[in-house]
Amino acid sequence: MSGLRGRSHLAMRPASTGSILKNSKEKDRVPVPSPRTAAACAKEEDEMTATHHTPRQAPDLFALPEIHGPVLRPGDDAYVAEVTGFNLSAFHNPDTVVGAAGVDDIVAAMRWAAATETPVAVQATGHGANFPIDGGLLISTTRMTDVTIDRAERTATVAAGARWRDVLEAAAPYGLAPLNGSSSDAGVVGYTLGGGLPVLGRAYGYAADRVRSFQVVTPDAILRTVTADTEPDLFWALRGGKGNVGVVTELTFELLPLPSVLGGGIYFPGEHAEAVLRTWTDWTTTLPTEMCSAYTILRLPPLPQIPEPLRGGFWARVALAWTGDAKEGESLLAPIRAAAPVVIDTVEDMPYAAMDRIYLDPHDPLPAREACTLLRALPPDAQTAFLDQAGPAVPDLPLQLIELRHMGGELSRPAPVEDAICARDAGYLLETVGVLPDPDTAAAVESATMALHNAMSPWSTGHTMINLHGRPGDEKDRARAWTDEVYTRLSRTKEHYDPANLLRFGHTATSQPA
């Protein structure tokens, strides 16, 4: 989840001494129950799609010999564990779950769904599980984790349920690296279908731009190998169009010869948030594309899993990754380190496979409200508007993370092969995350989220990134992830490949006839 930043490893360098203190204690977070009420569930379901249930005359999916993984229904012992994803903010209650053990299971499940007109949802890690799955069929791909590295071609071929950490571990011995996001715990496929905003995006562009091929089961239960040459419309829609046109069982993408990066976080007391923001924003206008960074305001809870001195604190942070010469990168950081008193500095030359250290995303499930807005620019008046909603003067703000990601660079370049990503005109990305431990907090998080994003709307491109969009609402809200032209094309492509609208859960386009 590119959401609430937690901790998996912290190498702290106190500014007063310059020494490096290592702390690699593993977290033991306990998942927090979702605060959402039955009324809230019903409202969201009405916004996105009607409640769906499998027809009573459906063939017996449980008896299909082609399915080798578990087939579960509500009340079965393994059902709850199978449907629960990383984000606990939405309840899932599908009529049937197929725990796919391989491609054949997915083909068989889709054939059954097509024959019975049963709607289908897909889940690997559940980092994007911010919408309810009520009724229908859920295909869980968590068992499909194979990763194959082709050293000569510099490619990785990964199965539907693989996480980025699986790819990092497989590629690292060859000095190769994928374009993963801030958490290696996230799933490869869902991230890439949404375009994939990498930590090193300014230096190398979107992850979807590196895809060479997909293996996908379309709603007609046909297993297809999709490339730019063989199925250009599908190839276009699968890169930035999310899960609108099929269930991806495998993808192959390019790797980079990049064994290490300079990266980490520089933490300042929260009362200096304005000075750090204005310095960082000016700094971003001077940088080469090799420098990738984000400015973050953190209001961290007093949980034992969070290390001192961060625990319970209010912080301003600049997180960064630099792909050039380490000494040059260190010299470029001088203005940031001089912006305010530095309390913790974790910047170091690190193995690429250790990049979780940069953003410190959580590894344990939690209920969270996430939202994003793409911004054209951050002029001084935009910075002031941001601080008025999120800065030190705002008491008891219930958002744990408020982040501004520097975009541009290779993220603004046209794709080598046309895709459905609609964020190339953004100079910055605003992301917010609030944890939802109870209904009262959930209401406060919603209010604070809307207030901040509305305040920044004068500088918005009008669009979001689908992976960070948060809970999808009605069609108008879901369409914000794309331009009008791209949304229309995606809707028509969906109509062609999914005329029965089987893939209707979550952040989907509404089918339109060609």
# chains A, B, ... in the order shown; residues from 1 in each chain; ligands from 1

$ closest_atom_pairs --of "stretch 336-447 of chain A" --to "stretch 284-295 of chain A" --cutoff "9 Å" --atoms "only C-alpha atoms" --output "tab-separated table"
residue	atom	partner	partner_atom	distance
A:Ile402	CA	A:Tyr295	CA	8.4
A:Glu403	CA	A:Tyr295	CA	5.7
A:Leu404	CA	A:Tyr295	CA	5.2
A:Arg405	CA	A:Ala294	CA	4.3
A:His406	CA	A:Ala294	CA	5.8
A:Met407	CA	A:Cys292	CA	8.1
A:Gly408	CA	A:Thr289	CA	8.0
A:Gly409	CA	A:Thr289	CA	5.1
A:Glu410	CA	A:Thr289	CA	7.1

$ residues_around --residues "A:Leu375" --least-positions-apart "6" --cutoff "10 Å" --atoms "only C-alpha atoms" --output "PyMOL selection string"
chain A and resi 382+404-407+423+425-430+456-464

$ residues_around --residues "A:Asp484" --least-positions-apart "6" --cutoff "12 Å" --atoms "only C-alpha atoms" --output "ChimeraX atom specification"
/A:420,422,462-463,476,478,490-491,509

$ closest_residue --among "A:Pro94, A:Pro301, A:Pro119, A:Pro232" --to "A:Gly135" --atoms "only C-alpha atoms"
A:Pro94

$ select_by_dssp --residues "stretch 208-264 of chain A" --states "strand (DSSP E)" --output "list in words"
Val211, Arg212, Ser213, Phe214, Gln215, Val216, Val217, Leu223, Arg224, Thr225, Val226, Val247, Val248, Thr249, Glu250, Leu251, Thr252, Phe253, Glu254, Leu256, Pro257, Ser260, Val261, Leu262, Gly263 and Gly264 of chain A

$ write_last_selection --atoms "N, CA and C atoms" --output "PDB file, in the first residue's frame"
ATOM      1  N   VAL A 211       6.695  -3.133 -19.304  1.00  0.00           N
ATOM      2  CA  VAL A 211       6.075  -4.446 -19.530  1.00  0.00           C
ATOM      3  C   VAL A 211       6.267  -4.870 -20.979  1.00  0.00           C
ATOM      4  N   ARG A 212       6.665  -6.116 -21.160  1.00  0.00           N
ATOM      5  CA  ARG A 212       6.794  -6.689 -22.508  1.00  0.00           C
ATOM      6  C   ARG A 212       5.591  -7.540 -22.901  1.00  0.00           C
ATOM      7  N   SER A 213       5.019  -8.237 -21.931  1.00  0.00           N
ATOM      8  CA  SER A 213       3.868  -9.083 -22.275  1.00  0.00           C
ATOM      9  C   SER A 213       3.060  -9.410 -21.034  1.00  0.00           C
ATOM     10  N   PHE A 214       1.788  -9.715 -21.261  1.00  0.00           N
ATOM     11  CA  PHE A 214       0.879 -10.224 -20.232  1.00  0.00           C
ATOM     12  C   PHE A 214       0.340 -11.575 -20.670  1.00  0.00           C
ATOM     13  N   GLN A 215       0.066 -12.429 -19.712  1.00  0.00           N
ATOM     14  CA  GLN A 215      -0.806 -13.577 -19.918  1.00  0.00           C
ATOM     15  C   GLN A 215      -2.081 -13.263 -19.155  1.00  0.00           C
ATOM     16  N   VAL A 216      -3.218 -13.243 -19.833  1.00  0.00           N
ATOM     17  CA  VAL A 216      -4.458 -12.780 -19.215  1.00  0.00           C
ATOM     18  C   VAL A 216      -5.630 -13.651 -19.652  1.00  0.00           C
ATOM     19  N   VAL A 217      -6.524 -13.906 -18.705  1.00  0.00           N
ATOM     20  CA  VAL A 217      -7.769 -14.594 -18.998  1.00  0.00           C
ATOM     21  C   VAL A 217      -8.857 -13.534 -19.125  1.00  0.00           C
ATOM     22  N   LEU A 223      -7.544 -17.799 -22.490  1.00  0.00           N
ATOM     23  CA  LEU A 223      -6.209 -17.437 -22.022  1.00  0.00           C
ATOM     24  C   LEU A 223      -5.435 -16.838 -23.190  1.00  0.00           C
ATOM     25  N   ARG A 224      -5.018 -15.594 -23.035  1.00  0.00           N
ATOM     26  CA  ARG A 224      -4.357 -14.883 -24.133  1.00  0.00           C
ATOM     27  C   ARG A 224      -2.961 -14.439 -23.712  1.00  0.00           C
ATOM     28  N   THR A 225      -2.037 -14.474 -24.679  1.00  0.00           N
ATOM     29  CA  THR A 225      -0.737 -13.836 -24.508  1.00  0.00           C
ATOM     30  C   THR A 225      -0.798 -12.492 -25.217  1.00  0.00           C
ATOM     31  N   VAL A 226      -0.593 -11.430 -24.456  1.00  0.00           N
ATOM     32  CA  VAL A 226      -0.855 -10.082 -24.939  1.00  0.00           C
ATOM     33  C   VAL A 226       0.444  -9.294 -25.029  1.00  0.00           C
ATOM     34  N   VAL A 247      -8.271 -10.994 -16.193  1.00  0.00           N
ATOM     35  CA  VAL A 247      -7.543 -11.426 -15.002  1.00  0.00           C
ATOM     36  C   VAL A 247      -6.136 -11.813 -15.432  1.00  0.00           C
ATOM     37  N   VAL A 248      -5.163 -11.029 -15.027  1.00  0.00           N
ATOM     38  CA  VAL A 248      -3.774 -11.289 -15.414  1.00  0.00           C
ATOM     39  C   VAL A 248      -3.236 -12.455 -14.593  1.00  0.00           C
ATOM     40  N   THR A 249      -2.686 -13.435 -15.278  1.00  0.00           N
ATOM     41  CA  THR A 249      -2.106 -14.604 -14.612  1.00  0.00           C
ATOM     42  C   THR A 249      -0.582 -14.553 -14.574  1.00  0.00           C
ATOM     43  N   GLU A 250      -0.009 -13.701 -15.450  1.00  0.00           N
ATOM     44  CA  GLU A 250       1.454 -13.630 -15.526  1.00  0.00           C
ATOM     45  C   GLU A 250       1.832 -12.387 -16.322  1.00  0.00           C
ATOM     46  N   LEU A 251       2.972 -11.767 -15.981  1.00  0.00           N
ATOM     47  CA  LEU A 251       3.493 -10.697 -16.824  1.00  0.00           C
ATOM     48  C   LEU A 251       5.005 -10.740 -16.847  1.00  0.00           C
ATOM     49  N   THR A 252       5.552 -10.237 -17.940  1.00  0.00           N
ATOM     50  CA  THR A 252       6.999 -10.164 -18.129  1.00  0.00           C
ATOM     51  C   THR A 252       7.378  -8.705 -18.322  1.00  0.00           C
ATOM     52  N   PHE A 253       8.399  -8.265 -17.593  1.00  0.00           N
ATOM     53  CA  PHE A 253       8.802  -6.868 -17.676  1.00  0.00           C
ATOM     54  C   PHE A 253      10.322  -6.740 -17.584  1.00  0.00           C
ATOM     55  N   GLU A 254      10.811  -5.614 -18.039  1.00  0.00           N
ATOM     56  CA  GLU A 254      12.241  -5.352 -18.076  1.00  0.00           C
ATOM     57  C   GLU A 254      12.778  -5.018 -16.686  1.00  0.00           C
ATOM     58  N   LEU A 256      16.349  -3.433 -14.516  1.00  0.00           N
ATOM     59  CA  LEU A 256      17.421  -2.454 -14.671  1.00  0.00           C
ATOM     60  C   LEU A 256      18.709  -2.988 -14.062  1.00  0.00           C
ATOM     61  N   PRO A 257      19.857  -2.696 -14.662  1.00  0.00           N
ATOM     62  CA  PRO A 257      21.136  -3.054 -14.031  1.00  0.00           C
ATOM     63  C   PRO A 257      21.469  -2.040 -12.938  1.00  0.00           C
ATOM     64  N   SER A 260      22.476  -0.900  -6.480  1.00  0.00           N
ATOM     65  CA  SER A 260      22.365  -0.083  -5.274  1.00  0.00           C
ATOM     66  C   SER A 260      21.882   1.321  -5.611  1.00  0.00           C
ATOM     67  N   VAL A 261      21.394   2.020  -4.592  1.00  0.00           N
ATOM     68  CA  VAL A 261      20.981   3.413  -4.723  1.00  0.00           C
ATOM     69  C   VAL A 261      21.390   4.157  -3.455  1.00  0.00           C
ATOM     70  N   LEU A 262      21.456   5.472  -3.561  1.00  0.00           N
ATOM     71  CA  LEU A 262      21.569   6.323  -2.384  1.00  0.00           C
ATOM     72  C   LEU A 262      20.155   6.686  -1.971  1.00  0.00           C
ATOM     73  N   GLY A 263      19.784   6.368  -0.741  1.00  0.00           N
ATOM     74  CA  GLY A 263      18.402   6.628  -0.361  1.00  0.00           C
ATOM     75  C   GLY A 263      18.207   6.661   1.134  1.00  0.00           C
ATOM     76  N   GLY A 264      17.052   7.143   1.548  1.00  0.00           N
ATOM     77  CA  GLY A 264      16.706   7.217   2.957  1.00  0.00           C
ATOM     78  C   GLY A 264      15.770   8.370   3.230  1.00  0.00           C
TER      79      GLY A 264
END

$ closest_residue --among "A:Val147, A:Thr488, A:Leu310, A:Asp282" --to "A:Ala377" --atoms "only C-alpha atoms"
A:Asp282

$ closest_residue --among "A:Phe91, A:Tyr79, A:Trp322, A:Phe86" --to "A:His363" --atoms "only C-alpha atoms"
A:Phe86

$ select_by_dssp --residues "stretch 148-271 of chain A" --states "alpha helix (DSSP H)" --output "ChimeraX atom specification"
/A:164-171,188-193,201-204,232-238

$ write_last_selection --atoms "C-alpha atoms" --output "PDB file, in the first residue's frame"
ATOM      1  CA  TRP A 164       7.697  -7.100  -5.126  1.00  0.00           C
ATOM      2  CA  ARG A 165       9.871  -8.626  -2.424  1.00  0.00           C
ATOM      3  CA  ASP A 166       9.761 -11.917  -4.374  1.00  0.00           C
ATOM      4  CA  VAL A 167      11.105 -10.111  -7.443  1.00  0.00           C
ATOM      5  CA  LEU A 168      13.731  -8.186  -5.468  1.00  0.00           C
ATOM      6  CA  GLU A 169      15.066 -11.380  -3.891  1.00  0.00           C
ATOM      7  CA  ALA A 170      15.210 -13.171  -7.236  1.00  0.00           C
ATOM      8  CA  ALA A 171      16.800 -10.280  -9.175  1.00  0.00           C
ATOM      9  CA  VAL A 188       3.296  -6.819  -8.696  1.00  0.00           C
ATOM     10  CA  VAL A 189       0.248  -7.267 -10.923  1.00  0.00           C
ATOM     11  CA  GLY A 190      -2.198  -4.830  -9.319  1.00  0.00           C
ATOM     12  CA  TYR A 191       0.514  -2.192  -9.017  1.00  0.00           C
ATOM     13  CA  THR A 192       1.481  -2.537 -12.673  1.00  0.00           C
ATOM     14  CA  LEU A 193      -2.095  -2.595 -13.977  1.00  0.00           C
ATOM     15  CA  GLY A 201       9.927   7.122 -11.287  1.00  0.00           C
ATOM     16  CA  ARG A 202      11.616  10.425 -12.158  1.00  0.00           C
ATOM     17  CA  ALA A 203      14.692   8.511 -13.237  1.00  0.00           C
ATOM     18  CA  TYR A 204      13.056   5.649 -15.167  1.00  0.00           C
ATOM     19  CA  PRO A 232      -2.630  -3.866 -29.047  1.00  0.00           C
ATOM     20  CA  ASP A 233      -5.966  -2.796 -27.503  1.00  0.00           C
ATOM     21  CA  LEU A 234      -5.611  -5.178 -24.569  1.00  0.00           C
ATOM     22  CA  PHE A 235      -1.945  -4.252 -24.138  1.00  0.00           C
ATOM     23  CA  TRP A 236      -2.969  -0.584 -23.999  1.00  0.00           C
ATOM     24  CA  ALA A 237      -5.784  -1.153 -21.492  1.00  0.00           C
ATOM     25  CA  LEU A 238      -3.739  -3.376 -19.165  1.00  0.00           C
TER      26      LEU A 238
END

$ atom_distance --atom1 "atom CA of A:Pro380" --atom2 "atom CA of A:Gly181"
28.8 Å

$ atom_distance --atom1 "atom CA of A:Ile297" --atom2 "atom CA of A:Gly270"
7.3 Å

$ closest_residue --among "A:Glu418, A:Asp477, A:Asp381, A:Glu446" --to "A:Arg239" --atoms "only C-alpha atoms"
A:Glu418

$ residues_around --residues "A:Gly470" --least-positions-apart "2" --cutoff "10 Å" --atoms "only C-alpha atoms" --output "number ranges by chain"
A: 3, 128-131, 368-372, 431-433, 464-468, 472-473, 478, 507

$ residues_around --residues "A:Ile421" --least-positions-apart "6" --cutoff "8 Å" --atoms "only C-alpha atoms" --output "PDB file with N, CA and C atoms, in the first residue's frame"
ATOM      1  N   GLY A 194      -2.227  -0.596 -12.584  1.00  0.00           N
ATOM      2  CA  GLY A 194      -2.552   0.788 -12.303  1.00  0.00           C
ATOM      3  C   GLY A 194      -1.525   1.776 -12.815  1.00  0.00           C
ATOM      4  N   GLY A 195      -0.555   1.311 -13.566  1.00  0.00           N
ATOM      5  CA  GLY A 195       0.500   2.157 -14.110  1.00  0.00           C
ATOM      6  C   GLY A 195       1.818   1.960 -13.395  1.00  0.00           C
ATOM      7  N   ARG A 239      -2.197  -1.512 -19.212  1.00  0.00           N
ATOM      8  CA  ARG A 239      -1.135  -0.657 -18.649  1.00  0.00           C
ATOM      9  C   ARG A 239      -1.733   0.707 -18.296  1.00  0.00           C
ATOM     10  N   GLY A 240      -2.293   0.760 -17.078  1.00  0.00           N
ATOM     11  CA  GLY A 240      -2.898   1.979 -16.578  1.00  0.00           C
ATOM     12  C   GLY A 240      -4.401   1.908 -16.484  1.00  0.00           C
ATOM     13  N   GLY A 241      -5.033   0.881 -17.063  1.00  0.00           N
ATOM     14  CA  GLY A 241      -6.486   0.743 -17.034  1.00  0.00           C
ATOM     15  C   GLY A 241      -7.000  -0.148 -15.929  1.00  0.00           C
ATOM     16  N   TRP A 482      -8.618   9.064 -15.196  1.00  0.00           N
ATOM     17  CA  TRP A 482      -8.236   9.125 -16.606  1.00  0.00           C
ATOM     18  C   TRP A 482      -8.746  10.417 -17.235  1.00  0.00           C
TER      19      TRP A 482
END

$ closest_residue --among "A:Ile133, A:Ile106, A:Ala353, A:Val80" --to "A:Pro173" --atoms "only C-alpha atoms"
A:Ala353

$ closest_residue --among "A:Ala334, A:Ala100, A:Ala390, A:Leu258" --to "A:Arg299" --atoms "only C-alpha atoms"
A:Ala390
